[in-house]
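Visitor: The structure is given below, and queries will be raised subsequently.
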Number of protein chains: 2
Amino acid sequence: MAFMEYKQRTVTCGQLRGSDEGKQVVLNGWVHRNRNHGGIHFINVRDRYGITQVVVGEQVAESVRSIAEALRIEFCIAVEGTVRRRPESMVNPDMETGEIEVDASSLHILSRCEPLPFMIDEETDAKEDLRLRYRYLDLRSGGMQKRIRLRHEFVRAIREHLSAKGFYEIETPTLIKSTPEGARDFLVPSRLYPGKFYALPQSPQLLKQILMVGGFDKYFQIARCYRDEDARGDRQLEFTQLDLEMSFVSREDVLLTMEDLFNDVFASVMNYKLPAHFKRLSWIDAMNTYGVDKPDLRYDLPLVDVGDIAKKTQFGAFQSVLASGGSVKAIKAPATEALSYSRKYIGELEEAAKVYGATGLAFVKVGKDNILETGIAKFLVGHEAELISVTEAHEGDMLLFVAASWKKCCNSLGAVRAKLARDLNLIPKGTFEFCWIIDFPLFEFNEDAGHWEAAHHMFSMPQSQYIDTLESDPGSVKGDLYDLVLNGYEVASGSIRIHDVELQKRIFRICNFDDEEAEQRFGFLLNAFRYGPPPHGGIAPGIDRMVMIMSEQTSIKEVIAFPKNTAAISPMDDSPSFVDDKQLDELHLIIKQPEKNS
Amino acid sequence: MAFMEYKQRTVTCGQLRGSDEGKQVVLNGWVHRNRNHGGIHFINVRDRYGITQVVVGEQVAESVRSIAEALRIEFCIAVEGTVRRRPESMVNPDMETGEIEVDASSLHILSRCEPLPFMIDEETDAKEDLRLRYRYLDLRSGGMQKRIRLRHEFVRAIREHLSAKGFYEIETPTLIKSTPEGARDFLVPSRLYPGKFYALPQSPQLLKQILMVGGFDKYFQIARCYRDEDARGDRQLEFTQLDLEMSFVSREDVLLTMEDLFNDVFASVMNYKLPAHFKRLSWIDAMNTYGVDKPDLRYDLPLVDVGDIAKKTQFGAFQSVLASGGSVKAIKAPATEALSYSRKYIGELEEAAKVYGATGLAFVKVGKDNILETGIAKFLVGHEAELISVTEAHEGDMLLFVAASWKKCCNSLGAVRAKLARDLNLIPKGTFEFCWIIDFPLFEFNEDAGHWEAAHHMFSMPQSQYIDTLESDPGSVKGDLYDLVLNGYEVASGSIRIHDVELQKRIFRICNFDDEEAEQRFGFLLNAFRYGPPPHGGIAPGIDRMVMIMSEQTSIKEVIAFPKNTAAISPMDDSPSFVDDKQLDELHLIIKQPEKNS
């Protein structure tokens with residue numbers, strides 16, 4: 001056996017060009033394709049850097065030819081040979097190494113490969129669990145290789161930018177105190193202290209605030225975070241965020257820092273020019289105009305409030321909603337050849353609206369000469385011109401209406417807007433539209449729990465004009481909060497933080513944490529605030545989600561080397577798994593058997 | 001209340017120079033000192049960047065003067081004022097801003113500070129637990145600020161170097177399958193799957209090998225690792241390593257990659273020139289010459305094997321050890337004015353030797369004209385000249401001997417060597433001596449378990465000449481292993497890995513894992529090896545320990561922002577802590593009450 005006896009590569013599989021003609025080279029890589037044309041083997045050898053065509057001609061030793069014959073897809077091999085230019089007719093302009101081929105003089109099999117569960121190419125249509133079970137094969141695909149590389153380059157560019165701006169990357173612990181208040185904590189049993197637990201951080205929120213109290217001024221960390229949430233949508237148990245905090249800053253400083261960062265990073269990593277400053281929308285304007293607090297600004301399709309017009313009509317469905325304080329809004333679906341606004345299609349739009357609480361989707365079609373047709377046209381007689389004017393509609397456009405309580409009205413029509421944009425192909429490829437959402441409410445009322453809670457988290461600063469009315473009118477309080485939105489995804493969330501013990505306690509109390517419980521859970525933060533804390537604020541962009549958007553994927557699993565599946569399982573190693581009784585004993589744990597439902 | 005109403009800094013506290021004279025500036029920072037000289041306040045304001053002297057003169061408004069009066073140490077403040085040159089006699093050349101002071105026109109208290117548990121200065125002599133309880137204050141000290149900065153710069157330089165060399169940083173999951181074989185895993189109970197657990201990684205070892213199978217070729221990660229070990233020495237539950245792996249490499253490639261890396265990083269971060277290549281010592285030579293497999297090469301003090309001479313003497317203690325296959329070694333303790341080799345001191349050296357199993361430490365003093373005096377001199381009559389020659393001793397030197405089984409002999413005398421170096425002040429400050437230890441044994445026999453086990457880990461390649469005799473003579477097998485040693489600390493450990501299923505199984509079997517158990521624990525790795533794995537190898541330098549050495553500290557806690565104490569507790573937040581019953585219920589866990597020992 002001779003595990004170490006192989007020729008190490010002198011070049012990679014992406015390196016050789018016509019100018020290398022005549023060179024003796026060694027390649028190491030995988031058999032990407034192996035074709036036998038009349039006794040001549042054309043072997044495409046692949047590594048991370050590219051693909052090179054290797055030719056095993058009829059003149060080479062029989063021993064080499066028999067190895068070529070034995071090669072199967074994804075065998076790992078070493079090839080020695082001479083670089084030669086391909087005949088003019090064989091040059092492949094689609095391949096970086098397409099000018100040349102390597103005339104093999106020797107071949108060596110480094111390892112064999114069993115028949116593949118799926119082909120390795122740019123992308124695969126294999127089922128997700130199969131891809132995850134054989135992730136080591138899936139990772140060899142062109143798409144995964146590119147995305148993991150993009151992720152590396154994105155994070156590298158972030159680090160370089162922030163380091164150059166005087167930020168320190170500081171590691172915070174991941175075995176911390178359990179302070180559940182939002183999602184569930186993952187717990188880690190202590191072996192030394194029976195019944196006690198560490199928790200994995202949902203984010204380094206409190207630790208980064210304490211770093212500010214510690215005088216570090218500008219901190220960031222590419223931080224692993226953990227949330228034990230039920231599998232829904234595109235979530236992972238662990239995810240990665242750029243965690244960032246600054247002292248002596250206002251909202252403006254944080255926003256400009258991020259704009260500067262992403263301008264630099266998108267230019268260097270994506271060769272993409274972002275605007276120097278991102279659009280800013282107040283939360284209320286985003287809701288009113290786009291029906292959502294994370295609007296996709298790659299297309300327009302604004303919502304229009306038509307309450308004033310609706311009030312003048314005799315349409316009972318509008319009247320009753322308005323009378324109870326609700327809203328009537330419209331969206332214009334533009335005339336298009338891509339789509340006819342059939343009853344069936346409008347039914348689909350209505351379904352989208354109903355998900356967010358609309359009871360229905362009213363519609364009219366704009367005809368010639370400001371005439372409205374079909375749907376609720378008869379209820380709008382006399383108000384056609386005004387409606388067409390405020391919605392800027394033209395012949396052939398459809399007007400779609402939702403009447404509901406304000407938030408349901410916004411969200412429902414926002415969902416209609418999003419579906420229309422997709423179906424009308426209004427979303428340009430390769431475009432990145434950032435915007436800021438500011439002036440969020442600080443609290444929201446939890447109907448189930450019967451008390452107010454933090455809309456973001458309890459450490460965010462109320463805007464100063466609301467400080468005196470926190471308790472008397474929590475619902476009106478705006479926070480010094482900001483979200484960064486990219487192409488319709490929330491990609492970062494941040495705030496200016498509270499740094500005053502008394503104000504922090506008032507927020508805790510409003511959120512139903514009495515002083516004793518607050519002290520028990522968050523006492524270490526309150527203690528820190530007793531020793532000269534600086535004013536501070538920060539933000540935390542999600543790395544997985546941003547790379548997903550940048551690589552135009554729709555699942556973060558496509559940009560994570562080893563994700564869990566939607567059932568929180570890793571099909572490759574079958575974790576989570578049972579452990580030895582000895583391990584449980586050492587941790588003082590007994591597993592409670594689930595009750596039988598028989 | 002006006003939390004946001006303060007003037008934000010226009011400059012930092014480390015920035016102003018004489019050339020800034022006349023500028024209007026705002027500083028934000030902490031009151032480092034506040035002296036009142038005849039009604040004039042001299043306030044040193046500190047931030048991350050430095051210290052600036054602020055003067056509140058007699059001419060300023062009473063309202064400002066009363067704030068100056070109220071300021072206490074570590075209040076966080078905003079200062080507005082004018083930069084002026086200090087009078088010549090007041091210039092402080094030890095302060096970067098020592099040429100100037102800021103003549104304050106306004107002062108604003110951003111937050112107050114309670115009386116401090118310890119003073120904040122360069123370093124503190126406060127007890128460790130007090131420092132950790134108030135870590136936010138401890139982090140403000142000059143020493144902690146410098147060390148956290150050094151850590152940031154060290155890791156940044158590593159990332160930049162490796163990225164420029166074509167390595168990708170790839171994040172591997174931290175909720176993985178429990179595969180305990182070395183230290184204990186930390187476990188994370190699964191809420192969705194009662195009785196099942198994830199484990200926190202002891203290192204990304206298997207995942208980085210799988211990345212190689214996935215074709216990533218050059219990988220690194222600054223990786224958080226976890227070991228649930230008993231508190232001993234300077235260990236943390238979680239620690240950080242530079243995890244690195246490369247495909248198609250030999251040992252030489254990994255060693256050169258590291259030498260290149262640390263040459264670059266020490267030059268850029270420490271302004272320190274390392275040799276292009278590090279000394280290499282085989283494990284056996286390191287043991288024989290320095291008595292340890294992590295020798296400190298900042299000083300010499302070699303061990304000398306004197307078995308051949310001892311054999312010729314009539315000294316029974318030597319004879320019996322040699323007869324049973326043991327060793328007799330000597331070390332020369334040089335004549336020095338720093339220390340007299342009193343009986344008492346030699347007794348201390350003997351205690352150091354006994355820790356490693358020596359039964360005693362024999363000694364003689366080298367007198368004039370090759371005469372040996374005191375101690376065991378009488379047993380060495382006739383062999384003086386030869387002894388003095390092989391030990392290169394001179395008048396006044398002491399020769400110290402240990403006779404024991406080879407390993408005990410080496411280790412005991414190695415401990416004597418280390419103590420001598422410290423006591424003789426032979427260790428130069430600010431010097432960094434790297435060396436490689438190579439050719440380690442692959443296996444060691446576990447007397448308790450009664451079987452062989454991996455000296456490093458089970459995934460390391462045996463050197464090829466031992467492949468045929470693995471089972472027949474495990475004790476002789478050398479592995480393709482390498483350790484990087486710096487100033488007497490092991491700072492990295494690595495190996496060329498096995499990438500063959502059958503060879504891997506042979507190693508498992510030798511280490512007492514039968515095929516079934518191996519498949520159950522490591523089946524995913526064996527599966528990956530069935531699909532064209534490349535030859536690969538890697539290494540993992542410890543970040544905490546390296547930064548500790550670079551900053552000339554003796555505990556890694558000095559270079560970690562929020563370490564646990566030696567009892568695995570964080571005194572700041574009191575983790576680990578009890579959690580809600582609801583949390584335990586959701587995780588299907590019952591705590592086993594410890595048995596009463598009454």
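Each chain in the structure tokens gets a letter, A, B and so on, in the order shown; residues start at 1 in every chain, and ligands are counted from 1 in the order they appear.
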Need the shell around Asn512 in chain A: protein/DNA/RNA residues with any atom at most 10 Å away, counting only C-alpha atoms. Skip same-chain ones fewer than 2 positions apart. Format as a list in words?

Guide: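 In the requested format, the answer is Ala449, Gly450, His451, Trp452, Glu453, Arg506, Ile507, Phe508, Arg509, Ile510, Asp514, Asp515, Glu517 and Ala518 of chain A.
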
Visitor: Write the selection just made, keeping C-alpha atoms, as a short mmCIF file (atom, residue, chain, number, x, y, z; two decimals), in the first residue's frame?

Guide:
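See again.cif below for the written result:
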```
data_model
loop_
_atom_site.label_atom_id
_atom_site.label_comp_id
_atom_site.auth_asym_id
_atom_site.auth_seq_id
_atom_site.Cartn_x
_atom_site.Cartn_y
_atom_site.Cartn_z
CA ALA A 449 -50.51 37.38 27.21
CA GLY A 450 -52.62 40.44 27.90
CA HIS A 451 -49.72 42.87 28.16
CA TRP A 452 -47.42 45.03 26.09
CA GLU A 453 -44.15 43.62 24.87
CA ARG A 506 -39.49 51.18 33.15
CA ILE A 507 -39.33 49.30 29.86
CA PHE A 508 -39.06 45.99 31.71
CA ARG A 509 -42.11 46.87 33.79
CA ILE A 510 -44.18 47.85 30.77
CA ASP A 514 -41.28 43.25 37.61
CA ASP A 515 -38.13 44.57 39.22
CA GLU A 517 -37.60 39.21 37.81
CA ALA A 518 -35.75 41.82 35.76
#
```

Visitor: Please identify all polymer residues within 12 Å of Ile467 in chain A, counting only C-alpha atoms, omitting same-chain residues fewer than 5 positions from it, and present them as a PDB file with N, CA, C and O atoms, in the first residue's frame.

Guide:
```
ATOM      1  N   LEU A 442     -42.358  51.046  19.447  1.00  0.00           N
ATOM      2  CA  LEU A 442     -41.473  50.370  20.405  1.00  0.00           C
ATOM      3  C   LEU A 442     -42.142  49.136  21.014  1.00  0.00           C
ATOM      4  O   LEU A 442     -41.491  48.149  21.308  1.00  0.00           O
ATOM      5  N   MET A 461     -34.010  52.079  22.657  1.00  0.00           N
ATOM      6  CA  MET A 461     -34.338  53.390  23.204  1.00  0.00           C
ATOM      7  C   MET A 461     -35.646  53.911  22.600  1.00  0.00           C
ATOM      8  O   MET A 461     -35.815  53.884  21.390  1.00  0.00           O
ATOM      9  N   PRO A 462     -36.557  54.394  23.462  1.00  0.00           N
ATOM     10  CA  PRO A 462     -37.697  55.130  22.913  1.00  0.00           C
ATOM     11  C   PRO A 462     -37.212  56.474  22.345  1.00  0.00           C
ATOM     12  O   PRO A 462     -36.223  57.022  22.838  1.00  0.00           O
ATOM     13  N   SER A 472     -48.231  55.770  30.015  1.00  0.00           N
ATOM     14  CA  SER A 472     -49.613  56.197  29.798  1.00  0.00           C
ATOM     15  C   SER A 472     -50.092  55.852  28.389  1.00  0.00           C
ATOM     16  O   SER A 472     -51.282  55.632  28.173  1.00  0.00           O
ATOM     17  N   ASP A 473     -49.187  55.780  27.432  1.00  0.00           N
ATOM     18  CA  ASP A 473     -49.620  55.495  26.064  1.00  0.00           C
ATOM     19  C   ASP A 473     -48.552  54.690  25.319  1.00  0.00           C
ATOM     20  O   ASP A 473     -47.938  55.166  24.365  1.00  0.00           O
ATOM     21  N   PRO A 474     -48.334  53.457  25.751  1.00  0.00           N
ATOM     22  CA  PRO A 474     -47.258  52.660  25.143  1.00  0.00           C
ATOM     23  C   PRO A 474     -47.454  52.467  23.636  1.00  0.00           C
ATOM     24  O   PRO A 474     -46.491  52.435  22.879  1.00  0.00           O
ATOM     25  N   SER A 476     -48.360  54.369  21.368  1.00  0.00           N
ATOM     26  CA  SER A 476     -47.940  55.466  20.484  1.00  0.00           C
ATOM     27  C   SER A 476     -46.433  55.658  20.438  1.00  0.00           C
ATOM     28  O   SER A 476     -45.941  56.444  19.635  1.00  0.00           O
ATOM     29  N   VAL A 477     -45.735  54.953  21.317  1.00  0.00           N
ATOM     30  CA  VAL A 477     -44.295  55.224  21.450  1.00  0.00           C
ATOM     31  C   VAL A 477     -43.532  54.712  20.229  1.00  0.00           C
ATOM     32  O   VAL A 477     -43.632  53.544  19.860  1.00  0.00           O
ATOM     33  N   LYS A 478     -42.784  55.604  19.616  1.00  0.00           N
ATOM     34  CA  LYS A 478     -41.878  55.195  18.544  1.00  0.00           C
ATOM     35  C   LYS A 478     -40.490  54.962  19.157  1.00  0.00           C
ATOM     36  O   LYS A 478     -40.068  55.680  20.062  1.00  0.00           O
ATOM     37  N   GLY A 479     -39.809  53.938  18.625  1.00  0.00           N
ATOM     38  CA  GLY A 479     -38.480  53.640  19.129  1.00  0.00           C
ATOM     39  C   GLY A 479     -37.408  54.154  18.201  1.00  0.00           C
ATOM     40  O   GLY A 479     -37.670  54.440  17.030  1.00  0.00           O
ATOM     41  N   ASP A 480     -36.205  54.243  18.736  1.00  0.00           N
ATOM     42  CA  ASP A 480     -35.068  54.620  17.898  1.00  0.00           C
ATOM     43  C   ASP A 480     -34.558  53.348  17.199  1.00  0.00           C
ATOM     44  O   ASP A 480     -33.418  52.926  17.374  1.00  0.00           O
ATOM     45  N   ILE A 498     -30.922  51.631  25.242  1.00  0.00           N
ATOM     46  CA  ILE A 498     -31.042  52.263  26.552  1.00  0.00           C
ATOM     47  C   ILE A 498     -29.719  52.070  27.294  1.00  0.00           C
ATOM     48  O   ILE A 498     -29.101  51.005  27.183  1.00  0.00           O
ATOM     49  N   GLU A 502     -32.809  53.300  35.278  1.00  0.00           N
ATOM     50  CA  GLU A 502     -34.217  53.574  35.573  1.00  0.00           C
ATOM     51  C   GLU A 502     -35.082  53.448  34.329  1.00  0.00           C
ATOM     52  O   GLU A 502     -36.179  52.889  34.374  1.00  0.00           O
ATOM     53  N   LEU A 503     -34.596  53.973  33.221  1.00  0.00           N
ATOM     54  CA  LEU A 503     -35.362  53.861  31.980  1.00  0.00           C
ATOM     55  C   LEU A 503     -35.489  52.391  31.572  1.00  0.00           C
ATOM     56  O   LEU A 503     -36.557  51.928  31.170  1.00  0.00           O
ATOM     57  N   GLN A 504     -34.391  51.649  31.735  1.00  0.00           N
ATOM     58  CA  GLN A 504     -34.426  50.231  31.392  1.00  0.00           C
ATOM     59  C   GLN A 504     -35.460  49.491  32.247  1.00  0.00           C
ATOM     60  O   GLN A 504     -36.212  48.658  31.739  1.00  0.00           O
ATOM     61  N   ARG A 506     -38.145  50.791  33.597  1.00  0.00           N
ATOM     62  CA  ARG A 506     -39.491  51.181  33.152  1.00  0.00           C
ATOM     63  C   ARG A 506     -39.920  50.333  31.954  1.00  0.00           C
ATOM     64  O   ARG A 506     -41.056  49.860  31.889  1.00  0.00           O
ATOM     65  N   ILE A 507     -39.001  50.130  31.034  1.00  0.00           N
ATOM     66  CA  ILE A 507     -39.331  49.298  29.863  1.00  0.00           C
ATOM     67  C   ILE A 507     -39.639  47.865  30.305  1.00  0.00           C
ATOM     68  O   ILE A 507     -40.616  47.253  29.857  1.00  0.00           O
TER      69      ILE A 507
ATOM     70  N   MET B   1     -36.243  64.380  30.868  1.00  0.00           N
ATOM     71  CA  MET B   1     -35.126  63.472  30.576  1.00  0.00           C
ATOM     72  C   MET B   1     -34.683  63.673  29.126  1.00  0.00           C
ATOM     73  O   MET B   1     -35.495  63.751  28.224  1.00  0.00           O
ATOM     74  N   ALA B   2     -33.433  63.700  28.921  1.00  0.00           N
ATOM     75  CA  ALA B   2     -32.932  64.025  27.583  1.00  0.00           C
ATOM     76  C   ALA B   2     -31.751  63.133  27.282  1.00  0.00           C
ATOM     77  O   ALA B   2     -30.604  63.553  27.253  1.00  0.00           O
ATOM     78  N   PHE B   3     -32.058  61.871  27.049  1.00  0.00           N
ATOM     79  CA  PHE B   3     -30.981  60.900  26.886  1.00  0.00           C
ATOM     80  C   PHE B   3     -30.141  61.166  25.654  1.00  0.00           C
ATOM     81  O   PHE B   3     -28.984  60.829  25.595  1.00  0.00           O
ATOM     82  N   MET B   4     -30.766  61.726  24.653  1.00  0.00           N
ATOM     83  CA  MET B   4     -30.054  61.867  23.396  1.00  0.00           C
ATOM     84  C   MET B   4     -29.405  63.232  23.248  1.00  0.00           C
ATOM     85  O   MET B   4     -28.726  63.490  22.290  1.00  0.00           O
TER      86      MET B   4
END
```

Visitor: Fewer than 5 positions away in the same chain doesn't count, so skip those; otherwise give me all residues within 9 Å of range 350-355 of chain A, counting only C-alpha atoms, as a count of residues only.

Guide: 14

Visitor: Between A:Gly291, A:Gly233, A:Pro117, A:Gly142, single out the one closest to Ile556 in chain A, counting only C-alpha atoms.

Guide: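 So, comparing all the options, the nearest one is A:Gly233.
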
Visitor: With only C-alpha atoms as the basis for distance, which of A:Met90, A:Leu387, A:Ile438, A:Leu150 is at the shortest distance from chain B?

Guide: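 Smallest distance to chain B is found for A:Leu150.
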
Visitor: Excluding Leu589 in chain A and residues on its chain fewer than 4 positions from it, collect all residues at most 10 Å away from it, counting only C-alpha atoms, and give them as number ranges by chain.

Guide: A: 189, 191, 194-195, 581, 583-585; B: 588-593

Visitor: Please report, as a Markdown table, each residue of range 216-300 of chain B lying at most 10 Å from range 156-162 of chain B, together with the nearest pair of atoms and the separation in Å rounded to one decimal; use only C-alpha atoms, and order rows by chain and ascending residue number.

Guide:
```
| residue | atom | partner | partner_atom | distance |
| --- | --- | --- | --- | --- |
| B:Lys218 | CA | B:Leu162 | CA | 9.1 |
| B:Tyr219 | CA | B:Leu162 | CA | 8.9 |
| B:Phe220 | CA | B:Leu162 | CA | 7.8 |
| B:Gln221 | CA | B:Arg159 | CA | 8.6 |
| B:Ile222 | CA | B:Arg159 | CA | 8.4 |
| B:Leu242 | CA | B:Ile158 | CA | 8.6 |
| B:Leu244 | CA | B:Leu162 | CA | 9.6 |
| B:Thr257 | CA | B:Leu162 | CA | 9.0 |
| B:Met258 | CA | B:Leu162 | CA | 9.8 |
| B:Asp260 | CA | B:His161 | CA | 9.0 |
| B:Leu261 | CA | B:His161 | CA | 6.5 |
| B:Phe262 | CA | B:Ile158 | CA | 8.0 |
| B:Asp264 | CA | B:His161 | CA | 7.5 |
| B:Val265 | CA | B:Ala157 | CA | 5.7 |
| B:Phe266 | CA | B:Ala157 | CA | 8.9 |
| B:Ala267 | CA | B:Ala157 | CA | 10.0 |
| B:Ser268 | CA | B:Ala157 | CA | 7.5 |
| B:Val269 | CA | B:Ala157 | CA | 7.3 |
```

Visitor: I need the residues from that last selection saved to file as a compact mmCIF listing (two decimals), in the first residue's frame (with N, CA, C and O atoms), if you can.

Guide:
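Okay, result05.txt is ready:
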```txt
# COMPACT_ATOMS: atom_id res chain seq x y z
N LYS B 218 -8.65 24.22 0.04
CA LYS B 218 -7.92 25.00 1.06
C LYS B 218 -8.97 25.67 1.93
O LYS B 218 -9.62 26.62 1.49
N TYR B 219 -9.09 25.20 3.13
CA TYR B 219 -10.12 25.70 4.04
C TYR B 219 -9.47 26.22 5.30
O TYR B 219 -8.48 25.67 5.79
N PHE B 220 -10.03 27.26 5.87
CA PHE B 220 -9.70 27.59 7.26
C PHE B 220 -10.95 28.14 7.92
O PHE B 220 -11.93 28.49 7.28
N GLN B 221 -10.88 28.21 9.23
CA GLN B 221 -11.96 28.79 10.01
C GLN B 221 -11.40 29.19 11.37
O GLN B 221 -10.61 28.44 11.95
N ILE B 222 -11.75 30.36 11.82
CA ILE B 222 -11.49 30.70 13.21
C ILE B 222 -12.68 30.11 13.97
O ILE B 222 -13.77 30.67 13.96
N LEU B 242 -7.57 28.31 15.10
CA LEU B 242 -7.48 28.45 13.66
C LEU B 242 -7.50 27.03 13.12
O LEU B 242 -6.53 26.29 13.28
N LEU B 244 -7.57 24.51 10.06
CA LEU B 244 -7.08 24.62 8.68
C LEU B 244 -6.92 23.24 8.07
O LEU B 244 -6.49 22.31 8.75
N THR B 257 3.28 26.23 4.93
CA THR B 257 2.14 27.15 4.98
C THR B 257 2.09 27.87 6.33
O THR B 257 1.86 29.08 6.40
N MET B 258 2.36 27.15 7.39
CA MET B 258 2.33 27.74 8.73
C MET B 258 3.52 28.69 8.94
O MET B 258 3.39 29.76 9.54
N ASP B 260 5.13 30.36 6.71
CA ASP B 260 4.84 31.54 5.91
C ASP B 260 3.82 32.42 6.62
O ASP B 260 3.99 33.65 6.73
N LEU B 261 2.76 31.78 7.13
CA LEU B 261 1.70 32.51 7.84
C LEU B 261 2.27 33.28 9.03
O LEU B 261 2.07 34.49 9.17
N PHE B 262 2.98 32.57 9.91
CA PHE B 262 3.39 33.23 11.15
C PHE B 262 4.54 34.21 10.91
O PHE B 262 4.66 35.20 11.63
N ASP B 264 4.60 36.19 8.34
CA ASP B 264 3.86 37.38 7.90
C ASP B 264 3.16 38.05 9.07
O ASP B 264 3.25 39.26 9.28
N VAL B 265 2.45 37.23 9.87
CA VAL B 265 1.62 37.78 10.93
C VAL B 265 2.47 38.40 12.05
O VAL B 265 2.16 39.49 12.53
N PHE B 266 3.56 37.73 12.43
CA PHE B 266 4.40 38.32 13.48
C PHE B 266 5.06 39.61 13.00
O PHE B 266 5.25 40.54 13.78
N ALA B 267 5.39 39.66 11.73
CA ALA B 267 5.98 40.89 11.19
C ALA B 267 4.95 42.01 11.23
O ALA B 267 5.24 43.13 11.68
N SER B 268 3.72 41.74 10.79
CA SER B 268 2.75 42.83 10.67
C SER B 268 2.15 43.22 12.01
O SER B 268 1.89 44.39 12.25
N VAL B 269 1.94 42.26 12.89
CA VAL B 269 1.24 42.56 14.14
C VAL B 269 2.21 42.90 15.27
O VAL B 269 1.94 43.76 16.10
```

Visitor: Pick from B:Gly14, B:Gly430, B:Pro441, B:Gly382: nearest to Val45 in chain B, with only C-alpha atoms counted?

Guide: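 Answer, going by the shortest atom-to-atom distance: B:Gly14.
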
Visitor: Tell me which of A:Asp305, A:Tyr136, A:Phe443, A:Ala540 sits closest to Tyr466 in chain A, counting only C-alpha atoms.

Guide: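 Of all the options, A:Phe443 lies closest to Tyr466 in chain A.
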
Visitor: Could you pull out the residues in range 81-226 of chain A that DSSP calls strand (DSSP E) from the backbone, as an MDAnalysis selection string?

Guide: chainID A and resid 81:85 100:111 168:169 187:189 197:199 218:226

Visitor: Take CA of Gly316 in chain B and CA of Ala403 in chain B and report the distance between them in Å, one decimal.

Guide: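 Interatomic distance, CA of Gly316 in chain B to CA of Ala403 in chain B: 10.7 Å.
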
Visitor: Measuring between only C-alpha atoms, which one of A:Val381, A:Leu207, A:Met270, A:Ala276 shows the shortest distance to Glu245 in chain A?

Guide: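 Among the listed residues, A:Leu207 lies closest to Glu245 in chain A.
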
Visitor: Identify, on the basis of only C-alpha atoms, every residue whose closest approach to Pro204 in chain B does not exceed 9 Å; exclude the query and any residue fewer than 3 positions from it along the same chain; express the result as an MDAnalysis selection string.

Guide: chainID B and resid 172:174 201 207:209 223:225 243

Visitor: Mind checking DSSP for range 326-519 of chain A and telling me the helix (DSSP H, G or I) residues as a PyMOL selection string?

Guide: chain A and resi 343-355+368-370+377-380+384-391+406-423+464-469+474-476+501-510+515-519

Visitor: What's the 12 Å shell around Phe562 in chain A, counting only C-alpha atoms, without same-chain residues fewer than 5 positions away, as a PyMOL selection string?

Guide: (chain A and resi 129+131-139+144+148+236-239+556-557+568-573+575) or (chain B and resi 170-176+204+207-208+210-211+214)

Visitor: So, counting only C-alpha atoms, which residue among B:Arg112, B:Lys146, B:Lys312, B:Lys279 is closest to chain A?

Guide: B:Arg112

Visitor: For Glu433 in chain A, list every protein, DNA or RNA residue within 12 Å, evaluated using only C-alpha atoms, and leave out those in the same chain fewer than 3 positions away; present the list as a PyMOL selection string.

Guide: chain A and resi 262-263+266+272-275+277-280+294-300+427-430+436+484-491+549-550

Visitor: Calculate how many Å separate CA of Arg147 in chain A from CA of Ala164 in chain B, rounding to one decimal.

Guide: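 Computing the Euclidean distance for CA of Arg147 in chain A and CA of Ala164 in chain B yields 18.4 Å.
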